[in-house]
Amino acid sequence: MRNDMLAGLAALIALSACSPASAPGNDVANDAADIQSAEAAGDAARSREPAADEPRNYVAEANTAAFPPVEPPAPGTPGGLPDDRTPVSEAPFTETSAQGAANVVQTYFAMIEGGKYGDAWRLWSDGGKASGMTRDAFAASFAKYAEYHAQIGAPGAIEGAAGSLYVEVPVVVYGRLKSGAEVHMNGPVTLRRVNDVDGSTAEQRKWHIASTALKPRPN
């Protein structure tokens, strides 16, 4: 009887020693498996396509770790803003002033950098149509960028023509393509609004982008 009990006890000990839970280093293996599983889940979440109503920020999706940040040219140098040392003013202004037009430009490029392409597109005249692209094509035109930034200069004087008012705002765009190539552009952005005439709507009396040399286009 005693021999049978000892034999049973020895069998239990042998079975316990072979159990994965008590195998040397098994906790490390389990942790590694858990980490790999979590990383795989994270990769899947990051690589998923956005929902139909979810804005997609093409610039934020780019991996820029391999490249240094792009710096804009200094004012007064080729490709830079005019060297008048007059940036967009932070003082109070009316929406219909030249400074109001410059604020629209500043908002426009901030929206692009933030991936709010639809909102930026609607700042063009004619409900976005003056951009020459549909909203989706406008958004897709930024898919090639890894970085996209802008500097906004002081607006020029307001000029009138044929019942409309116009103002130009100097802009410098700088960034990097996903290929690694740097991007440097500069030029005026022209804004237009309808003069305060009978029959004009509140929307028509707001500044909208009419044209620009920096207008994004599909590849």
# chains A, B, ... in the order shown; residues from 1 in each chain; ligands from 1
>>> residues_around(residues="A:Asn195", least_positions_apart="4", cutoff="8 Å", atoms="only C-alpha atoms", output="list in words")
Gly163, Ser164, Leu165, Ser200 and Arg205 of chain A
>>> write_last_selection(atoms="N, CA and C atoms", output="mmCIF file, in the first residue's frame")
data_model
loop_
_atom_site.group_PDB
_atom_site.id
_atom_site.type_symbol
_atom_site.label_atom_id
_atom_site.label_comp_id
_atom_site.auth_asym_id
_atom_site.auth_seq_id
_atom_site.Cartn_x
_atom_site.Cartn_y
_atom_site.Cartn_z
ATOM 1 N N GLY A 163 -17.737 95.481 -58.823
ATOM 2 C CA GLY A 163 -18.592 95.096 -57.714
ATOM 3 C C GLY A 163 -17.972 94.134 -56.727
ATOM 4 N N SER A 164 -16.697 93.814 -56.915
ATOM 5 C CA SER A 164 -16.004 92.909 -56.000
ATOM 6 C C SER A 164 -14.764 93.594 -55.432
ATOM 7 N N LEU A 165 -14.293 93.075 -54.327
ATOM 8 C CA LEU A 165 -13.076 93.553 -53.691
ATOM 9 C C LEU A 165 -12.044 92.437 -53.691
ATOM 10 N N SER A 200 -26.613 91.126 -52.429
ATOM 11 C CA SER A 200 -25.525 90.199 -52.082
ATOM 12 C C SER A 200 -25.847 89.481 -50.783
ATOM 13 N N ARG A 205 -20.330 88.166 -49.136
ATOM 14 C CA ARG A 205 -19.585 89.307 -48.591
ATOM 15 C C ARG A 205 -18.417 88.879 -47.705
#
>>> atom_distance(atom1="atom CA of A:Arg122", atom2="atom CA of A:Gly160")
23.1 Å
>>> closest_residue(among="A:Ala150, A:Val173, A:Ala157, A:Val194", to="A:His208", atoms="only C-alpha atoms")
A:Val194
>>> residues_around(residues="stretch 117-120 of chain A", least_positions_apart="5", cutoff="7 Å", atoms="only C-alpha atoms", output="list in words")
Tyr108, Met111, Ile112, Arg135 and Ala139 of chain A
>>> atom_distance(atom1="atom CA of A:Ala143", atom2="atom CA of A:Gly127")
22.3 Å
>>> residues_around(residues="A:Ala98", least_positions_apart="3", cutoff="9 Å", atoms="only C-alpha atoms", output="NGL selection string")
:A and (93-95 or 101-103 or 154-158 or 166-169)
>>> write_last_selection(atoms="N, CA, C and O atoms", output="CSV table (one decimal), in the first residue's frame")
chain,number,residue,atom,x,y,z
A,93,PHE,N,-9.5,93.0,-35.6
A,93,PHE,CA,-9.8,93.4,-37.0
A,93,PHE,C,-11.2,93.0,-37.3
A,93,PHE,O,-11.8,92.1,-36.7
A,94,THR,N,-11.7,93.6,-38.4
A,94,THR,CA,-13.0,93.2,-38.9
A,94,THR,C,-12.8,92.1,-40.0
A,94,THR,O,-11.8,92.0,-40.6
A,95,GLU,N,-13.9,91.3,-40.1
A,95,GLU,CA,-13.8,90.2,-41.1
A,95,GLU,C,-13.6,90.7,-42.5
A,95,GLU,O,-13.1,90.1,-43.4
A,101,ALA,N,-8.9,89.1,-44.5
A,101,ALA,CA,-8.6,88.2,-45.6
A,101,ALA,C,-7.4,87.4,-45.3
A,101,ALA,O,-7.3,86.2,-45.6
A,102,ALA,N,-6.3,88.0,-44.7
A,102,ALA,CA,-5.1,87.3,-44.3
A,102,ALA,C,-5.5,86.2,-43.3
A,102,ALA,O,-4.9,85.1,-43.3
A,103,ASN,N,-6.4,86.5,-42.4
A,103,ASN,CA,-6.8,85.5,-41.4
A,103,ASN,C,-7.5,84.3,-42.1
A,103,ASN,O,-7.3,83.1,-41.6
A,154,ALA,N,2.0,89.8,-44.4
A,154,ALA,CA,1.0,90.8,-44.3
A,154,ALA,C,0.2,91.1,-45.6
A,154,ALA,O,0.8,91.0,-46.7
A,155,PRO,N,-1.1,91.3,-45.5
A,155,PRO,CA,-1.9,91.5,-46.7
A,155,PRO,C,-1.5,92.8,-47.4
A,155,PRO,O,-1.1,93.8,-46.8
A,156,GLY,N,-1.8,92.9,-48.7
A,156,GLY,CA,-1.7,94.1,-49.4
A,156,GLY,C,-2.9,95.0,-49.3
A,156,GLY,O,-3.8,94.7,-48.5
A,157,ALA,N,-3.0,96.0,-50.1
A,157,ALA,CA,-4.2,96.9,-50.0
A,157,ALA,C,-5.4,96.3,-50.7
A,157,ALA,O,-5.2,95.5,-51.7
A,158,ILE,N,-6.6,96.6,-50.3
A,158,ILE,CA,-7.8,96.1,-50.9
A,158,ILE,C,-8.0,96.9,-52.2
A,158,ILE,O,-7.9,98.2,-52.2
A,166,TYR,N,-10.8,92.8,-53.9
A,166,TYR,CA,-9.7,91.8,-54.0
A,166,TYR,C,-8.6,92.2,-53.0
A,166,TYR,O,-8.3,93.4,-52.8
A,167,VAL,N,-7.8,91.3,-52.5
A,167,VAL,CA,-6.6,91.5,-51.7
A,167,VAL,C,-5.7,90.4,-51.9
A,167,VAL,O,-6.1,89.2,-52.0
A,168,GLU,N,-4.4,90.7,-52.0
A,168,GLU,CA,-3.4,89.6,-52.1
A,168,GLU,C,-2.6,89.4,-50.8
A,168,GLU,O,-2.3,90.4,-50.1
A,169,VAL,N,-2.4,88.2,-50.5
A,169,VAL,CA,-1.6,87.8,-49.2
A,169,VAL,C,-0.4,87.0,-49.6
A,169,VAL,O,-0.6,85.9,-50.2
>>> residues_around(residues="A:Ala213", least_positions_apart="2", cutoff="12 Å", atoms="only C-alpha atoms", output="list in words")
Ser131, Glu168, Val169, Pro170, Val171, Val172, Val173, Met185, Asn186, Gly187, Pro188, Val189, Thr190, Ile209, Ala210, Ser211, Lys215, Pro216 and Arg217 of chain A
>>> select_by_dssp(residues="stretch 153-182 of chain A", states="strand (DSSP E)", output="list in words")
Glu159, Gly160, Ala161, Ser164, Leu165, Tyr166, Val167, Glu168, Val169, Pro170, Val171, Val172, Val173, Tyr174, Gly175, Arg176, Leu177 and Glu182 of chain A
>>> closest_residue(among="A:Ala110, A:Ala146, A:Ala140, A:Leu81", to="A:Ala181", atoms="only C-alpha atoms")
A:Ala146
>>> closest_residue(among="A:Ala130, A:Leu191, A:Ala74, A:Ala162", to="A:Gln99", atoms="only C-alpha atoms")
A:Leu191
>>> atom_distance(atom1="atom CA of A:Val70", atom2="atom CA of A:Glu182")
7.1 Å
